[in-house]
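See structure below.
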Amino acid sequence: MRHAGSSPTSFHVPGHHNGEALLHALHTIDPNDSLEIGKQLSAVMRLDLTELSSTDDLHHPEGAILAAQRLAAQCYGAEETCFLIGGSTSGNLGMILAVCDPGDIIIVQRNVHKSVINGMKLAGAKAIFLTPHIDSSTGISTIPSLEQVKLALRQYPQAKAVFLTNPNYYGMSVKLDAYVEACHEQNKPLLIDEAHGAHYGMHPDLPNSAIQAGADGVVQSTHKTLPALTMGAMLHMQGQLLDRRRVREALAMVQSSSPSFPIMASLDISRAIVDKLGGNLFHTAIEAVHSFRIWVKESKMIFTVGETELHPDKKTDPLRLILTVPSGKLTGFELHRELEKRGCWAEMSDPLYTVLVIGPHVCAEGAISRLKDALTDIHHAYASAECRQLERQEQMESKDPNEGISEPVSFARVKKQTSRSVPLHEALHHPSAEMIIPYPPGIPLLYPGERFTDRHLADIRRLSDAGARFQGAEDSTMDIVAILIEEKC
């Protein structure tokens with residue numbers, strides 16, 4: 001702001017030169033038309049700078065960026081914080097590249113974000129996949145059980161780290177203190193993708209953050225739940241088990257050498273807001289959502305909303321609303337579309353649930369009131385509709401934790417192997433050539449290179465017969481699957 005306010009004459013990149021080049025071009029096109037897009041963009045462009053002596057350098061911060069990152073670490077209770085201008089994706093990549101060299105093993109929950117898979121590909125690492133726990137009341141997957149993590153650490157003492165995702169997309173989280181203790185007992189860092197929890201730990205009704213639990217590296221998408229620009233995220237670090245120098249080197253490789261100053265400024269502003277307001281930032285929204293839940297229960301409409309209380313070691317984000325229609329009169333996808341028709345845009349949906357993210361600005365009189373009106377209208381439109389059977393897919397979670405721990409799966413980038421298609425029953429003991437993801441629940445059964453077992457074949461048949469769709473597979477019916485052709489020595 002100080003630089004932009006000094007009326008600078010720009011002889012450097014970016015090419016819009018403080019927005020002046022944009023306004024000049026638009027005026028040349030039509031001198032009499034003051035386009036709104038020019039006004040909006042040029043205002044942002046005044047802050048869209050490059051690395052100058054007055055603005056600092058993200059990859060070698062010594063001034064304002066260094067001060068902003070230190071303030072963020074202090075705010076979140078970390079020992080060090082790095083600003084991310086490539087979203088949580090860049091943080092996940094950076095953490096994996098920092099802990100894994102080619103051929104190294106890392107313990108990972110099976111249903112991680114694709115950026116974690118890409119990080120293992122870049123590192124040439126091998127994954128020990130752990131099957132997530134399935135919440136009995138919703139059928140939604142959370143992180144693997146503590147027992148399974150401990151067992152995997154004993155079976156693979158050479159593993160470089162444990163990588164988990166907490167909370168999930170639905171705002172369901174597990175207390176991580178015991179997981180941190182289990183990893184630290186084996187001298188392994190615990191890395192957490194906390195993309196949906198940048199606001200955690202800021203209010204008594206919100207779950208604690210992974211940093212508060214003692215995790216070594218935690219990535220948060222500040223842009224998802226705090227007032228930061230899209231792609232604005234933070235990586236928080238603490239302790240001695242994560243080599244922070246390697247993390248910074250990795251971030252310099254995977255992030256642009258021309259970082260966005262508006263995104264960084266929005267990260268600093270978000271931090272300052274949280275510092276100033278603390279829990280007061282979220283209090284009104286949490287109260288509004290609480291009143292909304294009571295309204296849904298008392299109105300006896302076709303909808304229900306997920307409860308916030310689970311197991312003592314589990315908690316759901318009060319600022320996530322999980323709507324469903326138990327009668328099956330509307331699927332999650334259909335409810336999503338009906339809300340959009342009425343001007344309410346949800347975050348995501350699946351065959352059963354529609355998920356809404358509630359911002360800190362929400363109050364009972366504003367957005368919640370409009371949501372009530374939309375749901376009331378939808379209720380009247382579908383109350384007399386025929387009920388359908390929309391049973392959620394029950395996941396066959398084994399009582400034996402060994403069955404949820406995969407053999408090492410290599411993500412090294414090698415010469416592409418040839419494959420062939422075979423009937424499902426002929427794939428037994430062969431390595432898969434494709435990623436097989438039944439949806440629901442969206443948890444990969446097999447990654448390329450993992451071998452088909454009797455259990456895999458049974459699960460695939462059961463899920464296919466129940467109507468699950470398979471992503472990543474060549475044949476969505478799963479009658480035919482692709483296997484790798486193994487070279488004979």
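Residue numbering restarts at 1 for every chain of the structure tokens, chains are lettered A, B, ... in their displayed order, and ligands are numbered from 1 as they appear.
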
Write out as a PDB file with N, CA and C atoms, in the first residue's frame each polymer residue whose atoms come within 12 Å of Arg154 in chain A, counting only C-alpha atoms; drop sequence neighbours fewer than 2 positions from it.
```
ATOM      1  N   ILE A 107       4.257 -43.251   4.815  1.00  0.00           N
ATOM      2  CA  ILE A 107       2.963 -43.821   5.181  1.00  0.00           C
ATOM      3  C   ILE A 107       1.885 -42.775   4.938  1.00  0.00           C
ATOM      4  N   GLU A 147      -4.632 -47.343  15.764  1.00  0.00           N
ATOM      5  CA  GLU A 147      -4.036 -48.680  15.816  1.00  0.00           C
ATOM      6  C   GLU A 147      -3.351 -49.020  14.494  1.00  0.00           C
ATOM      7  N   GLN A 148      -4.002 -48.651  13.377  1.00  0.00           N
ATOM      8  CA  GLN A 148      -3.432 -48.948  12.068  1.00  0.00           C
ATOM      9  C   GLN A 148      -2.159 -48.143  11.811  1.00  0.00           C
ATOM     10  N   VAL A 149      -2.149 -46.876  12.228  1.00  0.00           N
ATOM     11  CA  VAL A 149      -0.945 -46.050  12.067  1.00  0.00           C
ATOM     12  C   VAL A 149       0.216 -46.639  12.875  1.00  0.00           C
ATOM     13  N   LYS A 150      -0.054 -47.035  14.112  1.00  0.00           N
ATOM     14  CA  LYS A 150       0.995 -47.621  14.949  1.00  0.00           C
ATOM     15  C   LYS A 150       1.530 -48.910  14.320  1.00  0.00           C
ATOM     16  N   LEU A 151       0.619 -49.738  13.806  1.00  0.00           N
ATOM     17  CA  LEU A 151       1.030 -51.000  13.193  1.00  0.00           C
ATOM     18  C   LEU A 151       1.881 -50.757  11.955  1.00  0.00           C
ATOM     19  N   ALA A 152       1.485 -49.782  11.137  1.00  0.00           N
ATOM     20  CA  ALA A 152       2.261 -49.463   9.933  1.00  0.00           C
ATOM     21  C   ALA A 152       3.658 -48.961  10.291  1.00  0.00           C
ATOM     22  N   TYR A 156       6.964 -50.862   9.011  1.00  0.00           N
ATOM     23  CA  TYR A 156       7.840 -50.135   8.078  1.00  0.00           C
ATOM     24  C   TYR A 156       8.645 -49.084   8.834  1.00  0.00           C
ATOM     25  N   PRO A 157       9.587 -49.516   9.659  1.00  0.00           N
ATOM     26  CA  PRO A 157      10.379 -48.560  10.452  1.00  0.00           C
ATOM     27  C   PRO A 157      11.231 -47.638   9.590  1.00  0.00           C
ATOM     28  N   GLN A 158      11.424 -48.005   8.314  1.00  0.00           N
ATOM     29  CA  GLN A 158      12.218 -47.168   7.420  1.00  0.00           C
ATOM     30  C   GLN A 158      11.417 -46.010   6.835  1.00  0.00           C
ATOM     31  N   ALA A 159      10.106 -45.955   7.127  1.00  0.00           N
ATOM     32  CA  ALA A 159       9.265 -44.874   6.597  1.00  0.00           C
ATOM     33  C   ALA A 159       9.788 -43.519   7.061  1.00  0.00           C
ATOM     34  N   ALA A 182       2.286 -41.111  18.777  1.00  0.00           N
ATOM     35  CA  ALA A 182       2.695 -42.376  18.164  1.00  0.00           C
ATOM     36  C   ALA A 182       3.814 -42.170  17.148  1.00  0.00           C
ATOM     37  N   CYS A 183       3.711 -41.111  16.338  1.00  0.00           N
ATOM     38  CA  CYS A 183       4.750 -40.831  15.339  1.00  0.00           C
ATOM     39  C   CYS A 183       6.050 -40.398  16.001  1.00  0.00           C
ATOM     40  N   GLU A 185       7.127 -41.117  18.948  1.00  0.00           N
ATOM     41  CA  GLU A 185       7.764 -42.241  19.638  1.00  0.00           C
ATOM     42  C   GLU A 185       8.687 -43.006  18.698  1.00  0.00           C
ATOM     43  N   GLN A 186       8.357 -43.006  17.408  1.00  0.00           N
ATOM     44  CA  GLN A 186       9.187 -43.666  16.393  1.00  0.00           C
ATOM     45  C   GLN A 186      10.105 -42.676  15.674  1.00  0.00           C
ATOM     46  N   ASN A 187      10.162 -41.455  16.205  1.00  0.00           N
ATOM     47  CA  ASN A 187      11.036 -40.422  15.640  1.00  0.00           C
ATOM     48  C   ASN A 187      10.670 -40.071  14.194  1.00  0.00           C
ATOM     49  N   LYS A 188       9.369 -40.099  13.906  1.00  0.00           N
ATOM     50  CA  LYS A 188       8.874 -39.786  12.565  1.00  0.00           C
ATOM     51  C   LYS A 188       8.022 -38.518  12.622  1.00  0.00           C
ATOM     52  N   ASN A 402      -4.223 -55.148   9.758  1.00  0.00           N
ATOM     53  CA  ASN A 402      -3.235 -55.506   8.740  1.00  0.00           C
ATOM     54  C   ASN A 402      -3.824 -55.413   7.337  1.00  0.00           C
ATOM     55  N   ILE A 405      -3.445 -52.073   5.458  1.00  0.00           N
ATOM     56  CA  ILE A 405      -2.102 -51.555   5.190  1.00  0.00           C
ATOM     57  C   ILE A 405      -1.595 -52.181   3.899  1.00  0.00           C
TER      58      ILE A 405
END
```

For range 358-370 of chain A, find every residue with an atom within 7 Å (counting only C-alpha atoms), except residues of its own chain fewer than 2 positions away, and show them as a PyMOL selection string. chain A and resi 225+281-282+284-285+288+319-320+356+372-374

Which of range 261-392 of chain A end up as strand (DSSP E) when DSSP is run on this backbone - answer as a ChimeraX atom specification? /A:304-305,314-316,320-324,348-349,353-357

My list of candidates is A:Leu93, A:Ala215, A:Cys82, A:Met234. Which is closest to Lys114 in chain A when distances are computed with only C-alpha atoms? A:Leu93

Out of A:Phe411, A:Ile192, A:Val219, A:Ala433, which residue has the shortest atom-to-atom distance to Asp101 in chain A when counting only C-alpha atoms? A:Phe411

Write out as a tab-separated table the residues of range 76-172 of chain A that have any atom within 7 Å of an atom of range 249-272 of chain A, one row each with the nearest atom pair and its distance in Å to one decimal, counting only C-alpha atoms, sorted by chain and then rising number.
```
residue	atom	partner	partner_atom	distance
A:Phe83	CA	A:Met264	CA	6.9
A:Ile85	CA	A:Pro259	CA	6.5
A:Gly86	CA	A:Gln255	CA	6.3
A:Ser90	CA	A:Val254	CA	6.3
A:Gly94	CA	A:Ala250	CA	4.9
A:Leu97	CA	A:Ala250	CA	6.1
A:Ala98	CA	A:Ala250	CA	6.3
```

Could you save those same residues with N, CA and C atoms as an mmCIF file, in the first residue's frame?
```cif
data_model
loop_
_atom_site.group_PDB
_atom_site.id
_atom_site.type_symbol
_atom_site.label_atom_id
_atom_site.label_comp_id
_atom_site.auth_asym_id
_atom_site.auth_seq_id
_atom_site.Cartn_x
_atom_site.Cartn_y
_atom_site.Cartn_z
ATOM 1 N N PHE A 83 4.377 -18.556 3.603
ATOM 2 C CA PHE A 83 3.237 -18.197 2.773
ATOM 3 C C PHE A 83 3.270 -19.031 1.489
ATOM 4 N N ILE A 85 1.551 -19.331 -2.370
ATOM 5 C CA ILE A 85 0.746 -18.651 -3.384
ATOM 6 C C ILE A 85 0.265 -19.650 -4.437
ATOM 7 N N GLY A 86 0.471 -20.944 -4.175
ATOM 8 C CA GLY A 86 -0.023 -22.001 -5.052
ATOM 9 C C GLY A 86 -1.008 -22.905 -4.344
ATOM 10 N N SER A 90 0.808 -26.601 -3.236
ATOM 11 C CA SER A 90 2.255 -26.342 -3.188
ATOM 12 C C SER A 90 2.835 -26.731 -1.834
ATOM 13 N N GLY A 94 5.691 -29.491 -1.238
ATOM 14 C CA GLY A 94 6.914 -29.098 -0.542
ATOM 15 C C GLY A 94 7.241 -30.017 0.609
ATOM 16 N N LEU A 97 8.471 -33.499 -0.833
ATOM 17 C CA LEU A 97 9.814 -33.384 -1.421
ATOM 18 C C LEU A 97 10.870 -33.174 -0.349
ATOM 19 N N ALA A 98 10.486 -32.576 0.771
ATOM 20 C CA ALA A 98 11.444 -32.331 1.847
ATOM 21 C C ALA A 98 11.790 -33.600 2.617
#
```

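Each of A:Ala385, A:Val355, A:Ile286, A:Asn18 was compared to Leu330 in chain A using only C-alpha atoms, and A:Ala385 turns out to be the nearest.
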
Please provide the set of residues having any atom within 6 Å of Thr81 in chain A, restricted to only C-alpha atoms, with same-chain residues fewer than 5 positions apart removed, written as an MDAnalysis selection string. chainID A and resid 69 73 235:236

As a PyMOL selection string, please: every residue in range 68-261 of chain A that a backbone DSSP assignment puts in helix (DSSP H, G or I). chain A and resi 68-76+87-99+114-123+146-155+177-185+210-213+222-225+244-254+261

Writing out the chosen residues with C-alpha atoms as a PDB file, in the first residue's frame:
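Wrote part_24.pdb, looks like this:
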```pdb
ATOM      1  CA  ALA A  68       4.294 -11.144   7.892  1.00  0.00           C
ATOM      2  CA  GLN A  69       5.326 -14.810   8.035  1.00  0.00           C
ATOM      3  CA  ARG A  70       6.671 -14.430  11.567  1.00  0.00           C
ATOM      4  CA  LEU A  71       3.421 -12.789  12.668  1.00  0.00           C
ATOM      5  CA  ALA A  72       1.474 -15.672  11.091  1.00  0.00           C
ATOM      6  CA  ALA A  73       3.599 -18.244  12.954  1.00  0.00           C
ATOM      7  CA  GLN A  74       2.952 -16.385  16.199  1.00  0.00           C
ATOM      8  CA  CYS A  75      -0.783 -16.217  15.465  1.00  0.00           C
ATOM      9  CA  TYR A  76      -1.107 -19.941  14.737  1.00  0.00           C
ATOM     10  CA  GLY A  87      -2.660 -23.164  -2.581  1.00  0.00           C
ATOM     11  CA  SER A  88      -2.311 -26.123  -0.254  1.00  0.00           C
ATOM     12  CA  THR A  89      -1.137 -28.056  -3.308  1.00  0.00           C
ATOM     13  CA  SER A  90       2.255 -26.342  -3.188  1.00  0.00           C
ATOM     14  CA  GLY A  91       2.538 -26.982   0.562  1.00  0.00           C
ATOM     15  CA  ASN A  92       1.782 -30.683   0.179  1.00  0.00           C
ATOM     16  CA  LEU A  93       4.338 -30.951  -2.620  1.00  0.00           C
ATOM     17  CA  GLY A  94       6.914 -29.098  -0.542  1.00  0.00           C
ATOM     18  CA  MET A  95       6.510 -31.283   2.528  1.00  0.00           C
ATOM     19  CA  ILE A  96       6.786 -34.561   0.587  1.00  0.00           C
ATOM     20  CA  LEU A  97       9.814 -33.384  -1.421  1.00  0.00           C
ATOM     21  CA  ALA A  98      11.444 -32.331   1.847  1.00  0.00           C
ATOM     22  CA  VAL A  99      11.089 -35.721   3.552  1.00  0.00           C
ATOM     23  CA  LYS A 114      -4.186 -35.630  -5.705  1.00  0.00           C
ATOM     24  CA  SER A 115      -1.412 -33.152  -4.844  1.00  0.00           C
ATOM     25  CA  VAL A 116      -0.039 -35.726  -2.379  1.00  0.00           C
ATOM     26  CA  ILE A 117       0.062 -38.351  -5.114  1.00  0.00           C
ATOM     27  CA  ASN A 118       1.789 -35.856  -7.426  1.00  0.00           C
ATOM     28  CA  GLY A 119       4.269 -35.057  -4.655  1.00  0.00           C
ATOM     29  CA  MET A 120       5.201 -38.726  -4.377  1.00  0.00           C
ATOM     30  CA  LYS A 121       5.608 -38.894  -8.153  1.00  0.00           C
ATOM     31  CA  LEU A 122       7.939 -35.887  -8.121  1.00  0.00           C
ATOM     32  CA  ALA A 123       9.914 -37.358  -5.228  1.00  0.00           C
ATOM     33  CA  LEU A 146      -4.597 -44.924  15.511  1.00  0.00           C
ATOM     34  CA  GLU A 147      -4.036 -48.680  15.816  1.00  0.00           C
ATOM     35  CA  GLN A 148      -3.432 -48.948  12.068  1.00  0.00           C
ATOM     36  CA  VAL A 149      -0.945 -46.050  12.067  1.00  0.00           C
ATOM     37  CA  LYS A 150       0.995 -47.621  14.949  1.00  0.00           C
ATOM     38  CA  LEU A 151       1.030 -51.000  13.193  1.00  0.00           C
ATOM     39  CA  ALA A 152       2.261 -49.463   9.933  1.00  0.00           C
ATOM     40  CA  LEU A 153       5.067 -47.678  11.789  1.00  0.00           C
ATOM     41  CA  ARG A 154       6.152 -50.996  13.327  1.00  0.00           C
ATOM     42  CA  GLN A 155       5.960 -52.847  10.003  1.00  0.00           C
ATOM     43  CA  ASP A 177      -2.693 -35.680  19.880  1.00  0.00           C
ATOM     44  CA  ALA A 178      -2.353 -39.479  20.122  1.00  0.00           C
ATOM     45  CA  TYR A 179      -1.274 -39.709  16.469  1.00  0.00           C
ATOM     46  CA  VAL A 180       1.446 -37.130  17.096  1.00  0.00           C
ATOM     47  CA  GLU A 181       2.638 -39.100  20.129  1.00  0.00           C
ATOM     48  CA  ALA A 182       2.695 -42.376  18.164  1.00  0.00           C
ATOM     49  CA  CYS A 183       4.750 -40.831  15.339  1.00  0.00           C
ATOM     50  CA  HIS A 184       7.166 -39.044  17.655  1.00  0.00           C
ATOM     51  CA  GLU A 185       7.764 -42.241  19.638  1.00  0.00           C
ATOM     52  CA  ALA A 210      -3.096 -29.876  13.954  1.00  0.00           C
ATOM     53  CA  ILE A 211      -0.390 -27.440  15.060  1.00  0.00           C
ATOM     54  CA  GLN A 212      -2.020 -27.243  18.492  1.00  0.00           C
ATOM     55  CA  ALA A 213      -1.952 -31.053  18.599  1.00  0.00           C
ATOM     56  CA  THR A 222      -6.375 -19.826   4.195  1.00  0.00           C
ATOM     57  CA  HIS A 223      -8.501 -18.947   1.154  1.00  0.00           C
ATOM     58  CA  LYS A 224     -11.065 -21.666   1.939  1.00  0.00           C
ATOM     59  CA  THR A 225     -12.344 -20.447   5.317  1.00  0.00           C
ATOM     60  CA  ARG A 244      12.721 -26.778   7.327  1.00  0.00           C
ATOM     61  CA  ARG A 245      15.621 -25.857   5.080  1.00  0.00           C
ATOM     62  CA  ARG A 246      14.618 -28.648   2.696  1.00  0.00           C
ATOM     63  CA  VAL A 247      11.000 -27.499   2.891  1.00  0.00           C
ATOM     64  CA  ARG A 248      11.967 -23.965   1.866  1.00  0.00           C
ATOM     65  CA  GLU A 249      14.118 -25.304  -0.974  1.00  0.00           C
ATOM     66  CA  ALA A 250      11.236 -27.469  -2.199  1.00  0.00           C
ATOM     67  CA  LEU A 251       8.769 -24.569  -2.035  1.00  0.00           C
ATOM     68  CA  ALA A 252      11.143 -22.463  -4.139  1.00  0.00           C
ATOM     69  CA  MET A 253      11.049 -25.231  -6.766  1.00  0.00           C
ATOM     70  CA  VAL A 254       7.289 -25.772  -6.912  1.00  0.00           C
ATOM     71  CA  PHE A 261       1.678  -9.855  -4.046  1.00  0.00           C
TER      72      PHE A 261
END
```

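You can rank A:Thr142, A:Ser419, A:Ser349, A:Thr453 by their closest distance to Val481 in chain A using only C-alpha atoms, and at the top of that list sits A:Ser419.
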
Please provide as a short mmCIF file (atom, residue, chain, number, x, y, z; two decimals) with N, CA and C atoms, in the first residue's frame all residues within 12 Å of Lys300 in chain A, with the sequence filter that same-chain residues fewer than 4 positions apart are discarded (counting only C-alpha atoms).
```cif
data_model
loop_
_atom_site.label_atom_id
_atom_site.label_comp_id
_atom_site.auth_asym_id
_atom_site.auth_seq_id
_atom_site.Cartn_x
_atom_site.Cartn_y
_atom_site.Cartn_z
N ARG A 293 -29.89 -25.15 12.57
CA ARG A 293 -30.05 -26.58 12.86
C ARG A 293 -31.35 -26.82 13.64
N ILE A 294 -31.63 -25.97 14.61
CA ILE A 294 -32.87 -26.09 15.38
C ILE A 294 -34.08 -25.90 14.47
N TRP A 295 -34.00 -24.93 13.58
CA TRP A 295 -35.10 -24.67 12.63
C TRP A 295 -35.37 -25.88 11.76
N VAL A 296 -34.30 -26.52 11.24
CA VAL A 296 -34.48 -27.70 10.39
C VAL A 296 -35.17 -28.82 11.16
N THR A 304 -32.61 -33.21 6.48
CA THR A 304 -31.96 -33.28 7.79
C THR A 304 -30.57 -32.69 7.62
N VAL A 305 -29.97 -32.30 8.73
CA VAL A 305 -28.63 -31.72 8.70
C VAL A 305 -27.77 -32.51 9.66
N VAL A 325 -31.48 -35.69 2.22
CA VAL A 325 -32.91 -35.99 2.18
C VAL A 325 -33.06 -37.49 2.41
N LEU A 375 -34.82 -23.61 0.94
CA LEU A 375 -35.16 -24.96 1.38
C LEU A 375 -36.67 -25.12 1.57
N THR A 376 -37.32 -24.09 2.07
CA THR A 376 -38.78 -24.15 2.22
C THR A 376 -39.45 -24.32 0.87
N HIS A 379 -38.81 -27.82 -0.35
CA HIS A 379 -39.66 -28.75 0.41
C HIS A 379 -41.07 -28.81 -0.18
N HIS A 380 -41.67 -27.65 -0.43
CA HIS A 380 -43.02 -27.62 -0.98
C HIS A 380 -43.07 -28.26 -2.36
N ALA A 383 -42.28 -32.34 -1.43
CA ALA A 383 -42.86 -33.04 -0.27
C ALA A 383 -43.74 -34.22 -0.69
#
```

Correct to one decimal, the distance CA of Asp479 in chain A-CA of Pro431 in chain A is 16.6 Å

Hey, what's within 8 Å of range 31-46 of chain A if we count only C-alpha atoms and toss same-chain stuff fewer than 3 positions away? As number ranges by chain, please? A: 4, 16-20, 22-23, 26-28, 49, 262

Which neighbours of Phe452 in chain A fall inside 9 Å, counting only C-alpha atoms, when residues of the same chain fewer than 5 positions from it are skipped, and could you give them as an MDAnalysis selection string? chainID A and resid 427:432 446 457

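Take CA of Pro204 in chain A and CA of Pro227 in chain A: the distance between them is 20.1 Å.
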
Point-to-point distance in Å for CA of Leu445 in chain A and CA of Arg420 in chain A: 19.3 Å
